[in-house]
file final32.cif (mmCIF, C-alpha atoms and all ligand atoms)
data_input
loop_
_atom_site.label_atom_id
_atom_site.label_comp_id
_atom_site.auth_asym_id
_atom_site.auth_seq_id
_atom_site.Cartn_x
_atom_site.Cartn_y
_atom_site.Cartn_z
CA MET A 1 37.61 42.43 35.88
CA HIS A 2 40.87 40.95 37.16
CA PHE A 3 40.88 37.53 35.54
CA LEU A 4 38.39 35.46 33.59
CA MET A 5 38.18 31.88 34.85
CA GLY A 6 36.63 30.09 31.94
CA GLY A 7 37.15 30.17 28.24
CA ILE A 8 37.90 27.96 25.27
CA ALA A 9 38.41 24.26 26.03
CA ILE A 10 41.94 23.29 24.98
CA ASP A 11 44.20 20.30 25.29
CA ARG A 12 47.76 20.45 26.68
CA ASP A 13 49.00 21.94 23.44
CA GLY A 14 46.35 24.60 23.11
CA ALA A 15 44.35 22.78 20.42
CA THR A 16 40.69 23.82 20.40
CA GLY A 17 37.66 22.20 18.79
CA VAL A 18 38.42 24.04 15.56
CA PRO A 19 41.24 22.36 13.64
CA GLY A 20 44.15 24.77 13.28
CA LEU A 21 42.88 27.17 15.93
CA PHE A 22 45.00 27.26 19.08
CA ALA A 23 44.40 29.15 22.29
CA ALA A 24 46.43 29.94 25.40
CA GLY A 25 46.37 32.30 28.36
CA GLU A 26 43.28 33.97 29.66
CA ALA A 27 41.25 33.06 26.56
CA ALA A 28 41.54 29.38 27.47
CA ALA A 29 40.04 27.38 30.32
CA GLY A 30 40.76 24.36 32.45
CA LEU A 31 44.01 25.06 34.23
CA HIS A 32 42.92 26.98 37.30
CA GLY A 33 39.59 25.47 38.21
CA ALA A 34 37.29 27.85 40.04
CA THR A 35 40.00 30.20 41.24
CA ARG A 36 43.42 31.35 40.10
CA LEU A 37 46.29 31.44 42.56
CA ASN A 38 48.47 34.54 42.72
CA SER A 39 50.86 35.05 39.82
CA GLN A 40 49.66 32.02 37.89
CA GLY A 41 48.11 34.06 35.09
CA LEU A 42 51.34 35.26 33.55
CA THR A 43 53.03 31.90 34.12
CA GLU A 44 50.15 30.20 32.34
CA GLY A 45 50.49 32.58 29.40
CA ALA A 46 54.23 31.93 29.09
CA VAL A 47 54.06 28.14 29.45
CA PHE A 48 50.95 27.43 27.40
CA GLY A 49 51.63 30.20 24.90
CA HIS A 50 54.93 28.47 24.15
CA ARG A 51 53.31 25.05 23.85
CA ALA A 52 50.46 26.37 21.68
CA GLY A 53 52.93 28.21 19.44
CA LEU A 54 54.96 25.05 18.85
CA ALA A 55 51.81 23.01 18.19
CA ALA A 56 50.45 25.66 15.81
CA ALA A 57 53.73 25.65 13.87
CA ALA A 58 53.65 21.84 13.68
CA PHE A 59 50.03 22.00 12.49
CA ALA A 60 50.98 24.52 9.81
CA ASP A 61 53.77 22.19 8.67
CA ARG A 62 51.23 19.43 8.24
CA ALA A 63 48.63 21.62 6.56
CA GLY A 64 47.18 19.89 3.55
CA ASP A 65 47.84 16.45 4.96
CA PRO A 66 44.38 15.05 5.73
CA GLU A 67 45.84 12.53 8.17
CA GLY A 68 48.03 15.00 9.91
CA GLY A 69 45.61 17.41 11.54
CA VAL A 70 45.54 17.92 15.28
CA ALA A 71 42.66 16.06 16.88
CA ALA A 72 39.77 18.46 17.27
CA ASP A 73 37.62 18.26 20.35
CA ALA A 74 34.99 20.89 20.92
CA ASP A 75 33.28 19.23 23.84
CA GLY A 76 36.08 19.59 26.34
CA ALA A 77 37.05 15.91 26.53
CA ALA A 78 40.69 16.65 25.66
CA ALA A 79 40.81 19.40 28.27
CA ALA A 80 39.31 17.01 30.77
CA GLU A 81 41.97 14.45 30.06
CA SER A 82 44.77 16.98 30.09
CA PHE A 83 43.85 18.62 33.35
CA GLY A 84 42.18 15.74 35.14
CA ILE A 85 38.77 17.36 35.27
CA GLU A 86 35.38 15.92 34.61
CA VAL A 87 33.25 17.66 32.04
CA TRP A 88 29.54 16.97 31.97
CA LYS A 89 27.96 17.32 28.60
CA ALA A 90 24.73 19.21 28.22
CA ASP A 91 22.69 16.02 27.89
CA ASP A 92 24.11 14.44 31.06
CA PRO A 93 21.09 13.33 33.14
CA ARG A 94 22.90 14.40 36.33
CA ILE A 95 22.40 17.97 35.28
CA GLY A 96 18.67 17.37 35.33
CA GLY A 97 16.60 19.73 33.28
CA TRP A 98 19.56 21.84 32.26
CA HIS A 99 19.98 20.02 28.97
CA GLU A 100 16.37 20.75 28.13
CA ALA A 101 16.88 24.39 28.94
CA LEU A 102 19.99 24.37 26.78
CA GLY A 103 18.08 22.79 23.93
CA ARG A 104 15.79 25.81 24.05
CA LEU A 105 18.73 28.18 24.27
CA SER A 106 19.14 29.57 20.83
CA LEU A 107 20.90 32.80 20.12
CA PRO A 108 18.57 34.38 17.60
CA ALA A 109 20.26 37.70 18.25
CA VAL A 110 23.49 36.48 16.65
CA ASN A 111 23.51 35.74 12.92
CA HIS A 112 25.54 33.12 11.07
CA GLU A 113 28.20 35.61 10.05
CA GLY A 114 28.79 36.41 13.69
CA GLY A 115 27.19 39.85 13.58
CA ILE A 116 24.05 40.86 15.39
CA ALA A 117 20.85 39.75 13.69
CA GLY A 118 17.87 41.88 12.82
CA GLY A 119 17.52 45.32 11.39
CA GLY A 120 15.80 47.22 14.15
CA GLY A 121 17.03 49.42 16.96
CA SER A 122 19.07 52.59 16.97
CA LEU A 123 21.69 51.71 19.55
CA ASP A 124 25.23 52.92 18.83
CA GLU A 125 28.30 50.78 19.42
CA ASP A 126 29.51 52.60 22.56
CA SER A 127 26.10 52.39 24.24
CA PHE A 128 25.85 48.70 23.32
CA VAL A 129 29.24 47.91 24.88
CA GLN A 130 28.51 49.99 27.98
CA ARG A 131 25.17 48.31 28.56
CA LEU A 132 26.61 44.84 28.02
CA HIS A 133 29.44 45.58 30.47
CA GLY A 134 26.94 46.87 33.01
CA LEU A 135 24.58 43.92 32.87
CA MET A 136 27.48 41.45 33.06
CA GLU A 137 28.93 43.28 36.06
CA ARG A 138 25.56 42.99 37.82
CA GLY A 139 24.56 39.49 36.68
CA ALA A 140 27.85 37.63 36.26
CA GLY A 141 30.21 39.41 38.64
CA ILE A 142 32.05 37.83 41.54
CA VAL A 143 29.02 38.05 43.83
CA ARG A 144 25.75 37.17 42.16
CA GLY A 145 22.46 35.42 42.85
CA ALA A 146 19.46 34.01 41.04
CA ARG A 147 17.75 37.39 41.06
CA SER A 148 20.63 39.45 39.67
CA THR A 149 21.33 36.81 37.01
CA THR A 150 17.68 36.65 35.95
CA GLU A 151 17.52 40.44 35.75
CA ALA A 152 20.69 40.43 33.66
CA LEU A 153 19.18 37.83 31.31
CA ASP A 154 16.14 40.10 30.88
CA GLU A 155 18.45 43.04 30.17
CA TRP A 156 20.32 40.85 27.68
CA GLU A 157 17.06 40.13 25.81
CA ALA A 158 16.22 43.83 25.66
CA LEU A 159 19.73 44.72 24.49
CA ALA A 160 19.65 42.03 21.80
CA ARG A 161 16.33 43.41 20.53
CA GLU A 162 17.57 46.98 20.47
CA SER A 163 20.94 46.28 18.88
CA GLY A 164 19.76 44.92 15.52
CA GLY A 165 20.63 48.19 13.81
CA LEU A 166 24.30 47.93 14.77
CA ASN A 167 25.16 45.98 11.64
CA LYS A 168 24.34 49.01 9.53
CA GLY A 169 26.15 51.46 11.78
CA VAL A 170 29.39 49.49 12.09
CA ALA A 171 31.11 49.25 8.72
CA ASP A 172 34.10 47.12 9.74
CA PRO A 173 33.04 43.43 9.59
CA ARG A 174 35.63 42.51 12.25
CA ARG A 175 34.00 44.92 14.67
CA ARG A 176 30.57 43.56 13.83
CA PHE A 177 31.83 40.05 14.47
CA ARG A 178 33.27 41.17 17.81
CA LEU A 179 29.95 42.68 18.89
CA GLY A 180 28.05 39.51 17.95
CA ALA A 181 30.62 37.38 19.77
CA MET A 182 30.36 39.59 22.87
CA LEU A 183 26.60 39.18 22.89
CA ALA A 184 26.73 35.39 22.45
CA LEU A 185 29.47 34.92 25.06
CA ALA A 186 27.64 37.09 27.58
CA ARG A 187 24.55 34.91 27.24
CA LEU A 188 26.51 31.68 27.73
CA LEU A 189 28.23 33.07 30.83
CA LEU A 190 24.91 34.15 32.31
CA GLU A 191 23.36 30.74 31.60
CA ALA A 192 26.31 28.94 33.18
CA GLY A 193 26.05 31.15 36.28
CA ARG A 194 22.32 30.58 36.48
CA VAL A 195 22.47 26.78 36.43
CA ARG A 196 25.42 26.38 38.83
CA GLY A 197 23.56 26.30 42.13
CA GLU A 198 26.51 26.70 44.51
CA SER A 199 29.51 28.88 45.39
CA ARG A 200 33.00 27.71 44.45
CA GLY A 201 36.42 29.34 44.46
CA ALA A 202 36.13 32.94 43.40
CA HIS A 203 32.55 32.46 42.20
CA HIS A 204 30.10 33.45 44.91
CA ARG A 205 26.32 33.14 44.85
CA SER A 206 24.76 35.22 47.57
CA ASP A 207 21.69 32.93 47.59
CA GLN A 208 23.69 29.67 47.60
CA PRO A 209 26.89 30.38 49.53
CA GLU A 210 27.91 26.76 50.17
CA MET A 211 29.98 24.58 47.85
CA ASP A 212 28.11 21.56 46.48
CA ALA A 213 30.22 18.50 45.66
CA ALA A 214 27.75 17.59 42.92
CA TRP A 215 28.99 20.63 41.02
CA ALA A 216 32.70 19.73 41.01
CA THR A 217 32.74 19.99 37.26
CA HIS A 218 33.15 22.39 34.39
CA ILE A 219 30.19 23.61 32.37
CA CYS A 220 31.09 23.29 28.74
CA PHE A 221 29.00 24.69 25.89
CA SER A 222 29.49 23.01 22.56
CA ARG A 223 27.84 23.49 19.20
CA ARG A 224 28.02 19.76 18.56
C1 LIG A 301 44.89 44.62 37.06
C2 LIG A 301 45.43 43.24 36.79
C3 LIG A 301 46.47 42.76 37.54
C4 LIG A 301 46.99 41.48 37.30
N1 LIG A 301 48.03 41.02 38.05
C5 LIG A 301 48.57 39.83 37.79
C6 LIG A 301 49.71 39.36 38.52
O1 LIG A 301 50.23 40.02 39.42
N2 LIG A 301 50.22 38.14 38.22
C7 LIG A 301 49.67 37.37 37.23
O2 LIG A 301 50.16 36.28 36.99
N3 LIG A 301 48.59 37.78 36.52
C8 LIG A 301 48.05 39.00 36.77
N4 LIG A 301 46.95 39.42 36.06
C9 LIG A 301 46.41 38.55 35.04
C10 LIG A 301 47.32 38.54 33.81
O3 LIG A 301 47.81 39.83 33.59
C11 LIG A 301 46.52 38.09 32.59
O4 LIG A 301 45.88 36.88 32.88
C12 LIG A 301 47.45 37.89 31.41
O5 LIG A 301 48.10 39.07 31.08
C13 LIG A 301 46.65 37.39 30.22
O6 LIG A 301 47.51 37.28 29.13
P1 LIG A 301 46.95 36.90 27.72
O7 LIG A 301 48.15 36.99 26.80
O8 LIG A 301 46.21 35.63 27.78
O9 LIG A 301 45.87 38.01 27.37
P2 LIG A 301 46.08 39.65 27.21
O10 LIG A 301 47.26 40.06 28.02
O11 LIG A 301 44.74 40.16 27.50
O12 LIG A 301 46.47 39.74 25.70
C14 LIG A 301 45.50 39.67 24.69
C15 LIG A 301 46.02 40.56 23.56
O13 LIG A 301 45.19 40.36 22.41
C16 LIG A 301 44.90 41.62 21.85
N5 LIG A 301 43.65 41.50 21.10
C17 LIG A 301 42.39 41.43 21.60
N6 LIG A 301 41.52 41.31 20.60
C18 LIG A 301 42.23 41.27 19.45
C19 LIG A 301 41.88 41.14 18.09
N7 LIG A 301 40.62 41.00 17.69
N8 LIG A 301 42.88 41.15 17.19
C20 LIG A 301 44.17 41.26 17.58
N9 LIG A 301 44.56 41.39 18.86
C21 LIG A 301 43.59 41.38 19.78
C22 LIG A 301 44.80 42.57 23.03
O14 LIG A 301 45.00 43.90 22.63
C23 LIG A 301 45.94 42.05 23.92
O15 LIG A 301 47.19 42.64 23.58
C24 LIG A 301 46.43 40.69 36.28
C25 LIG A 301 45.38 41.19 35.52
C26 LIG A 301 44.89 42.46 35.77
C27 LIG A 301 43.76 42.97 34.92
#

call {"tool": "encode", "arguments": {"input": "final32.cif", "output": "structure tokens"}}
result
Amino acid sequence: MHFLMGGIAIDRDGATGVPGLFAAGEAAAGLHGATRLNSQGLTEGAVFGHRAGLAAAAFADRAGDPEGGVAADADGAAAAESFGIEVWKADDPRIGGWHEALGRLSLPAVNHEGGIAGGGGSLDEDSFVQRLHGLMERGAGIVRGARSTTEALDEWEALARESGGLNKGVADPRRRFRLGAMLALARLLLEAGRVRGESRGAHHRSDQPEMDAAWATHICFSRR
């Protein structure tokens, strides 16, 4: 993996949808569109890391002031405004059917504490990570298609079922949280790849190699 194009929606100052949480660099999304030009990764980190750091310090200064918080925006509207992109929300009728599919998309495999739900399965942490890497490489890599993504979603379901025992095996709650977050994020990436029926920038679908102007937009998942 050379660079992840996609991530947390931020505004120009790195503010995310969670008040007080700032993001910059490869964890964030919006700046590069569907492809990143040479050398722009490190520049992005330096420029937006600096801006996010200043904004985070200002936020900390205002902590406790109920009027002073940075505007939170989990649905990508601030990112859209900052970077001049259009973000369709999940219930946008132009997406047709996708919002219904999203409504059905629950992540029962991930519990409220961020760990992996359930008590079954005997998978160890290394095997879990290896299998997740493998299925993402096959189903969400640079070249993908409906078939490879669907197979990866099936593998994801099987992995989620088998990994319920990980909570017992991994004592460190931060590591458990990380595993749950990996599982949830993998699913969202696969779903986004599945619904985007075109090729764009560095994202190539072998079964739909042409760019489709109707998809000149970001896919943004929001809990709200
Ligand atoms: C092989 C390769 C070549 C590249 N070449 C170029 C290039 O020539 N030019 C260019 O502009 N870009 C290049 N890139 C991209 C660029 O290097 C990255 O986009 C950039 O380094 C990302 O910076 P970052 O600070 O956002 O993330 P990272 O550099 O990934 O930093 C994240 C840090 O967070 C730490 N971390 C992770 N989890 C936790 C946790 N739970 N708690 C605490 N710390 C944590 C990690 O250990 C890491 O130090 C290249 C990338 C790769 C992989």

call {"tool": "atom_distance", "arguments": {"input": "final32.cif", "atom1": "atom CA of Ala55 of chain A", "atom2": "atom C2 of ligand LIG 301 (chain A)"}}
result
28.2 Å

call {"tool": "atom_distance", "arguments": {"input": "final32.cif", "atom1": "atom CA of Ala213 of chain A", "atom2": "atom N2 of ligand LIG 301 (chain A)"}}
result
29.0 Å

call {"tool": "closest_residue", "arguments": {"input": "final32.cif", "among": "A:Asp126, A:Glu191, A:Gly20, A:Glu210", "to": "Arg62 of chain A", "atoms": "all atoms listed in the file"}}
result
A:Gly20

call {"tool": "axis_aligned_box", "arguments": {"input": "final32.cif", "around": "segment 183-192 of chain A", "padding_each_side": "6 Å", "output": "JSON"}}
result
{"center_x": 26.4, "center_y": 34.1, "center_z": 27.8, "size_x": 18.1, "size_y": 22.2, "size_z": 22.7}

call {"tool": "residues_near_ligand", "arguments": {"input": "final32.cif", "ligand": "ligand LIG 301 (chain A)", "cutoff": "10 Å", "atoms": "only C-alpha atoms and all ligand atoms", "output": "PyMOL selection string"}}
result
chain A and resi 1-5+23-28+36-46+48-49+174-175+177-178

call {"tool": "atom_distance", "arguments": {"input": "final32.cif", "atom1": "atom CA of Thr35 of chain A", "atom2": "atom CA of Gly201 of chain A"}}
result
4.9 Å

call {"tool": "closest_residue", "arguments": {"input": "final32.cif", "among": "A:Val195, A:Val143, A:Leu123, A:Ala186", "to": "Arg161 of chain A", "atoms": "all atoms listed in the file"}}
result
A:Leu123

call {"tool": "residues_around", "arguments": {"input": "final32.cif", "residues": "segment 149-159 of chain A", "least_positions_apart": "5", "cutoff": "8 Å", "atoms": "all atoms listed in the file", "output": "tab-separated table (two decimals) with C-alpha atoms, keeping the file's coordinate frame"}}
result
chain	number	residue	atom	x	y	z
A	128	PHE	CA	25.85	48.70	23.32
A	131	ARG	CA	25.17	48.31	28.56
A	132	LEU	CA	26.61	44.84	28.02
A	135	LEU	CA	24.58	43.92	32.87
A	136	MET	CA	27.48	41.45	33.06
A	138	ARG	CA	25.56	42.99	37.82
A	139	GLY	CA	24.56	39.49	36.68
A	140	ALA	CA	27.85	37.63	36.26
A	144	ARG	CA	25.75	37.17	42.16
A	187	ARG	CA	24.55	34.91	27.24
A	190	LEU	CA	24.91	34.15	32.31
A	193	GLY	CA	26.05	31.15	36.28
A	194	ARG	CA	22.32	30.58	36.48

call {"tool": "closest_residue", "arguments": {"input": "final32.cif", "among": "A:Ala184, A:Val170, A:Ala216, A:Pro19", "to": "Ser199 of chain A", "atoms": "all atoms listed in the file"}}
result
A:Ala216

call {"tool": "closest_residue", "arguments": {"input": "final32.cif", "among": "A:Ala29, A:Leu54, A:Ala146, A:Ile116", "to": "Gly180 of chain A", "atoms": "all atoms listed in the file"}}
result
A:Ile116
